[in-house]
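Asks: My file is start21.cif. It has mmCIF, C-alpha atoms:
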data_model
#
loop_
_atom_site.group_PDB
_atom_site.id
_atom_site.type_symbol
_atom_site.label_atom_id
_atom_site.label_comp_id
_atom_site.auth_asym_id
_atom_site.auth_seq_id
_atom_site.Cartn_x
_atom_site.Cartn_y
_atom_site.Cartn_z
ATOM 1 C CA MET A 68 -21.729 1.721 84.387
ATOM 2 C CA ASN A 69 -20.602 0.739 80.964
ATOM 3 C CA ILE A 70 -16.931 0.275 80.552
ATOM 4 C CA LEU A 71 -15.519 0.867 77.140
ATOM 5 C CA TYR A 72 -13.566 -2.152 76.130
ATOM 6 C CA VAL A 73 -10.695 -1.499 73.755
ATOM 7 C CA ASN A 74 -8.741 -4.339 72.183
ATOM 8 C CA PHE A 75 -5.269 -2.887 72.438
ATOM 9 C CA ARG A 76 -3.655 -5.477 70.164
ATOM 10 C CA SER A 77 -5.762 -4.657 67.117
ATOM 11 C CA PHE A 78 -5.757 -0.959 67.990
ATOM 12 C CA SER A 79 -1.979 -0.798 68.227
ATOM 13 C CA ALA A 80 -1.622 -2.705 64.954
ATOM 14 C CA LYS A 81 -3.904 -0.210 63.199
ATOM 15 C CA VAL A 82 -2.031 2.747 64.657
ATOM 16 C CA VAL A 83 1.308 1.307 63.566
ATOM 17 C CA LEU A 84 0.001 0.585 60.072
ATOM 18 C CA ILE A 85 -1.373 4.111 59.662
ATOM 19 C CA GLY A 86 1.859 5.556 61.043
ATOM 20 C CA VAL A 87 3.943 3.556 58.546
ATOM 21 C CA LEU A 88 1.746 4.659 55.649
ATOM 22 C CA LEU A 89 1.983 8.313 56.686
ATOM 23 C CA LEU A 90 5.739 8.101 57.065
ATOM 24 C CA SER A 91 6.147 6.434 53.704
ATOM 25 C CA ILE A 92 4.049 9.138 52.038
ATOM 26 C CA LEU A 93 5.915 11.907 53.815
ATOM 27 C CA ALA A 94 9.262 10.275 53.145
ATOM 28 C CA LYS A 95 8.600 10.099 49.446
ATOM 29 C CA ALA A 96 7.439 13.661 49.339
ATOM 30 C CA GLN A 97 10.173 15.129 51.519
ATOM 31 C CA LEU A 98 13.261 12.995 51.211
ATOM 32 C CA VAL A 99 15.591 12.551 48.291
ATOM 33 C CA THR A 100 16.430 8.945 47.777
ATOM 34 C CA LEU A 101 20.038 8.041 47.210
ATOM 35 C CA HIS A 102 21.030 5.074 45.122
ATOM 36 C CA PHE A 103 24.345 3.412 45.647
ATOM 37 C CA THR A 104 25.856 1.022 43.156
ATOM 38 C CA TRP A 105 28.649 -1.359 43.894
ATOM 39 C CA ASN A 106 30.867 -2.748 41.205
ATOM 40 C CA TRP A 107 31.050 -6.431 41.790
ATOM 41 C CA SER A 108 30.780 -9.479 39.634
ATOM 42 C CA ALA A 109 29.775 -12.992 40.349
ATOM 43 C CA ASN A 110 31.131 -15.943 38.472
ATOM 44 C CA ASP A 111 28.434 -18.072 36.999
ATOM 45 C CA LEU A 112 30.270 -21.340 36.755
ATOM 46 C CA LEU A 113 27.362 -23.312 35.358
ATOM 47 C CA SER A 114 26.753 -21.084 32.319
ATOM 48 C CA LYS A 115 30.384 -20.211 31.603
ATOM 49 C CA GLU A 116 30.571 -22.822 28.811
ATOM 50 C CA TYR A 117 27.427 -21.462 27.194
ATOM 51 C CA TYR A 118 28.906 -17.959 27.125
ATOM 52 C CA LYS A 119 32.037 -19.332 25.461
ATOM 53 C CA ASP A 120 29.911 -21.081 22.837
ATOM 54 C CA MET A 121 27.935 -17.895 22.209
ATOM 55 C CA ALA A 122 31.116 -15.857 21.818
ATOM 56 C CA SER A 123 32.599 -18.320 19.316
ATOM 57 C CA ALA A 124 29.348 -18.420 17.329
ATOM 58 C CA HIS A 125 29.315 -14.613 17.307
ATOM 59 C CA ARG A 126 32.875 -14.530 15.921
ATOM 60 C CA LYS A 127 31.887 -16.987 13.183
ATOM 61 C CA LEU A 128 28.834 -14.895 12.253
ATOM 62 C CA ASP A 129 30.947 -11.735 12.137
ATOM 63 C CA GLY A 130 33.236 -13.373 9.608
ATOM 64 C CA TYR A 131 30.272 -14.580 7.599
ATOM 65 C CA ALA A 132 28.704 -11.093 7.625
ATOM 66 C CA VAL A 133 31.955 -9.501 6.453
ATOM 67 C CA THR A 134 32.275 -11.920 3.539
ATOM 68 C CA ARG A 135 28.601 -11.452 2.569
ATOM 69 C CA THR A 136 29.039 -7.676 2.614
ATOM 70 C CA ALA A 137 32.065 -7.942 0.341
ATOM 71 C CA VAL A 138 30.189 -10.222 -2.059
ATOM 72 C CA THR A 139 27.216 -7.847 -2.093
ATOM 73 C CA LYS A 140 29.444 -4.871 -2.867
ATOM 74 C CA ARG A 141 31.069 -6.752 -5.745
ATOM 75 C CA THR A 142 27.730 -7.778 -7.242
ATOM 76 C CA LYS A 143 26.180 -4.316 -6.969
ATOM 77 C CA ASP A 144 26.909 -3.610 -10.613
ATOM 78 C CA ILE A 145 25.187 -6.816 -11.630
ATOM 79 C CA TYR A 146 21.965 -6.533 -9.627
ATOM 80 C CA ILE A 147 21.336 -2.926 -8.631
ATOM 81 C CA GLU A 148 22.458 -0.945 -11.673
ATOM 82 C CA PRO A 149 20.174 -2.757 -14.178
ATOM 83 C CA ASN A 150 17.187 -2.109 -11.908
ATOM 84 C CA GLN A 151 17.946 1.605 -12.009
ATOM 85 C CA GLU A 152 17.596 1.401 -15.778
ATOM 86 C CA LEU A 153 13.992 0.313 -15.255
ATOM 87 C CA THR A 154 13.151 3.588 -13.526
ATOM 88 C CA ARG A 155 14.543 5.847 -16.248
ATOM 89 C CA ILE A 156 12.365 7.244 -19.003
ATOM 90 C CA SER A 157 13.830 8.883 -22.079
ATOM 91 C CA SER A 158 13.282 12.593 -22.447
ATOM 92 C CA GLY A 159 11.492 12.078 -25.774
ATOM 93 C CA LEU A 160 8.897 9.796 -24.204
ATOM 94 C CA ALA A 161 8.494 12.038 -21.160
ATOM 95 C CA SER A 162 7.903 15.051 -23.406
ATOM 96 C CA LYS A 163 5.149 13.171 -25.275
ATOM 97 C CA LYS A 164 3.208 12.453 -22.093
ATOM 98 C CA ASP A 165 1.125 15.638 -22.287
ATOM 99 C CA ASP A 166 0.329 15.017 -25.966
ATOM 100 C CA LEU A 167 -0.775 11.457 -25.225
ATOM 101 C CA LEU A 168 -3.039 12.533 -22.380
ATOM 102 C CA LYS A 169 -4.446 15.383 -24.484
ATOM 103 C CA PHE A 170 -5.259 12.885 -27.237
ATOM 104 C CA LEU A 171 -7.109 10.695 -24.754
ATOM 105 C CA SER A 172 -9.130 13.316 -22.923
ATOM 106 C CA GLY A 173 -9.311 15.917 -25.672
ATOM 107 C CA THR A 174 -9.294 14.696 -29.250
ATOM 108 C CA SER A 175 -10.933 11.302 -28.748
ATOM 109 C CA TYR A 176 -13.596 12.620 -26.419
ATOM 110 C CA ASP A 177 -14.282 15.610 -28.687
ATOM 111 C CA TYR A 178 -15.075 13.149 -31.475
ATOM 112 C CA ILE A 179 -17.507 11.339 -29.160
ATOM 113 C CA LYS A 180 -19.108 14.678 -28.181
ATOM 114 C CA TYR A 181 -19.544 15.525 -31.871
ATOM 115 C CA LYS A 182 -20.981 12.102 -32.671
ATOM 116 C CA TYR A 183 -23.354 12.005 -29.672
ATOM 117 C CA PRO A 184 -24.567 15.557 -29.053
ATOM 118 C CA ILE A 185 -26.651 16.309 -25.995
ATOM 119 C CA VAL A 186 -28.209 19.360 -27.604
ATOM 120 C CA PRO A 187 -30.465 18.020 -30.383
ATOM 121 C CA VAL A 188 -29.326 18.924 -33.860
ATOM 122 C CA SER A 189 -32.784 18.528 -35.298
ATOM 123 C CA PRO A 190 -36.174 18.806 -33.621
ATOM 124 C CA LEU A 191 -36.879 15.184 -34.512
ATOM 125 C CA SER A 192 -34.014 13.738 -32.464
ATOM 126 C CA GLY A 193 -35.113 13.071 -28.923
ATOM 127 C CA SER A 194 -32.229 10.951 -27.640
ATOM 128 C CA LYS A 195 -30.595 13.465 -25.316
ATOM 129 C CA LEU A 196 -30.603 11.118 -22.318
ATOM 130 C CA SER A 197 -29.208 8.160 -24.218
ATOM 131 C CA ASN A 198 -26.454 10.361 -25.695
ATOM 132 C CA ALA A 199 -25.470 11.510 -22.216
ATOM 133 C CA LEU A 200 -25.247 7.886 -21.082
ATOM 134 C CA VAL A 201 -23.161 6.936 -24.133
ATOM 135 C CA ARG A 202 -20.827 9.864 -23.514
ATOM 136 C CA ARG A 203 -20.430 8.849 -19.887
ATOM 137 C CA ARG A 204 -19.560 5.280 -20.905
ATOM 138 C CA PHE A 205 -16.918 6.490 -23.342
ATOM 139 C CA LYS A 206 -15.528 8.982 -20.820
ATOM 140 C CA LYS A 207 -15.183 6.187 -18.273
ATOM 141 C CA LYS A 208 -13.208 4.056 -20.734
ATOM 142 C CA PHE A 209 -10.999 6.965 -21.755
ATOM 143 C CA ASP A 210 -10.297 7.868 -18.126
ATOM 144 C CA ALA A 211 -9.291 4.264 -17.382
ATOM 145 C CA GLU A 212 -6.818 4.273 -20.272
ATOM 146 C CA LYS A 213 -5.559 7.716 -19.268
ATOM 147 C CA GLU A 214 -4.816 6.348 -15.796
ATOM 148 C CA ASN A 215 -3.064 3.326 -17.324
ATOM 149 C CA ILE A 216 -0.820 5.509 -19.477
ATOM 150 C CA THR A 217 -0.021 7.725 -16.487
ATOM 151 C CA ASN A 218 0.972 4.603 -14.540
ATOM 152 C CA TYR A 219 3.100 3.349 -17.437
ATOM 153 C CA LEU A 220 4.974 6.659 -17.492
ATOM 154 C CA ASP A 221 5.535 6.673 -13.720
ATOM 155 C CA THR A 222 9.188 6.120 -12.777
ATOM 156 C CA GLY A 223 8.096 4.163 -9.703
ATOM 157 C CA ASN A 224 7.043 1.277 -11.942
ATOM 158 C CA TYR A 225 9.979 -0.938 -12.827
ATOM 159 C CA ILE A 226 9.253 -1.432 -16.515
ATOM 160 C CA PRO A 227 11.820 -1.428 -19.343
ATOM 161 C CA GLU A 228 11.300 1.394 -21.795
ATOM 162 C CA GLY A 229 10.436 -0.963 -24.652
ATOM 163 C CA GLU A 230 7.659 -2.463 -22.556
ATOM 164 C CA ARG A 231 6.446 1.011 -21.607
ATOM 165 C CA LEU A 232 6.163 1.899 -25.285
ATOM 166 C CA ARG A 233 4.315 -1.343 -26.057
ATOM 167 C CA PHE A 234 1.840 -0.814 -23.193
ATOM 168 C CA ILE A 235 1.235 2.790 -24.256
ATOM 169 C CA GLN A 236 0.700 1.670 -27.845
ATOM 170 C CA GLN A 237 -1.823 -0.947 -26.694
ATOM 171 C CA ALA A 238 -3.689 1.657 -24.622
ATOM 172 C CA LEU A 239 -3.818 4.079 -27.561
ATOM 173 C CA ASP A 240 -4.974 1.277 -29.872
ATOM 174 C CA LYS A 241 -7.766 0.472 -27.412
ATOM 175 C CA VAL A 242 -8.821 4.135 -27.258
ATOM 176 C CA ILE A 243 -8.925 4.390 -31.051
ATOM 177 C CA ARG A 244 -10.987 1.198 -31.311
ATOM 178 C CA VAL A 245 -13.402 2.426 -28.641
ATOM 179 C CA THR A 246 -13.693 5.790 -30.390
ATOM 180 C CA LEU A 247 -14.463 4.103 -33.686
ATOM 181 C CA GLU A 248 -16.851 1.782 -31.865
ATOM 182 C CA ASP A 249 -14.973 -1.311 -32.919
ATOM 183 C CA GLU A 250 -15.968 -3.643 -30.102
ATOM 184 C CA THR A 251 -13.231 -6.243 -30.799
ATOM 185 C CA TYR A 252 -10.768 -4.800 -28.274
#
Starting from the file, lay out its structure as structure tokens.

Replies:
Amino acid sequence: MNILYVNFRSFSAKVVLIGVLLLSILAKAQLVTLHFTWNWSANDLLSKEYYKDMASAHRKLDGYAVTRTAVTKRTKDIYIEPNQELTRISSGLASKKDDLLKFLSGTSYDYIKYKYPIVPVSPLSGSKLSNALVRRRFKKKFDAEKENITNYLDTGNYIPEGERLRFIQQALDKVIRVTLEDETY
């Protein structure tokens, strides 16, 4: 007859392990854990000098920060206020923005449309495709200058008003030269 041999040492270890796992799962699911805190402090004698050095350095930096803040507040009028001037645009220049953009996309381009018609004026002219390409080239240049002028009139750009006027004048001069097909720009 065959006798079933059971190694009780390994069997009991497995049973205990499974029992501990089941209890830990059930304990986490069923029990509320309580945390206790004790107020106690330990003296760290070895790093006590380092803490003193850190505290004295912190006091020195606090004093330095207070003096720097006072200096910054006193110099606000010198550094910050002039920069705010760079973001202001006079009302006269702001009111001319629409006229400038209309000149770029309207008047100048209308002249190009008149000069290079797509619909042939006479039956002998057969350059419809080349006129469309010329118009597109001019439109591209006008749109680039229109974008430049819009950027010059943006208050986010820190430019003095005199420089804004000079840049706008240069852009308009370029548009006029392109319109008149003066290729020296």

Asks: Residue by residue, what does the PyMOL selection byres ((chain A and resi 203-209) around 10) grab here? Present the result as a ChimeraX atom specification.

Replies: /A:168,170-173,175-176,179-180,197-202,210-215,238-239,241-243,245-246,248

Asks: Might you pull out every residue within 10 Å of Asp221 (chain A), with all atoms listed in the file counted and same-chain residues fewer than 4 positions away left off, and present them as number ranges by chain?

Replies: A: 154-156, 161, 215-217, 225-226, 231

Asks: Could you dump the residues just selected with C-alpha atoms as a PDB file, in the frame of the given file?

Replies:
ATOM      1  CA  THR A 154      13.151   3.588 -13.526  1.00  0.00           C
ATOM      2  CA  ARG A 155      14.543   5.847 -16.248  1.00  0.00           C
ATOM      3  CA  ILE A 156      12.365   7.244 -19.003  1.00  0.00           C
ATOM      4  CA  ALA A 161       8.494  12.038 -21.160  1.00  0.00           C
ATOM      5  CA  ASN A 215      -3.064   3.326 -17.324  1.00  0.00           C
ATOM      6  CA  ILE A 216      -0.820   5.509 -19.477  1.00  0.00           C
ATOM      7  CA  THR A 217      -0.021   7.725 -16.487  1.00  0.00           C
ATOM      8  CA  TYR A 225       9.979  -0.938 -12.827  1.00  0.00           C
ATOM      9  CA  ILE A 226       9.253  -1.432 -16.515  1.00  0.00           C
ATOM     10  CA  ARG A 231       6.446   1.011 -21.607  1.00  0.00           C
TER      11      ARG A 231
END

Asks: May I ask for the distance between CA of Lys169 (chain A) and CA of Pro184 (chain A), given in Å to one decimal place?

Replies: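 It comes out at 20.6 Å.
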
Asks: Work out how far CA of Ser158 (chain A) is from CA of Asn224 (chain A), in Å to one decimal.

Replies: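 Atom-to-atom, CA of Asn224 (chain A) to CA of Ser158 (chain A), that is 16.7 Å.
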
Asks: Kindly give the distance, in Å, that separates CA of Lys164 (chain A) and CA of Ile235 (chain A), rounded to a single decimal.

Replies: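 Going from CA of Lys164 (chain A) over to CA of Ile235 (chain A), I get 10.1 Å.
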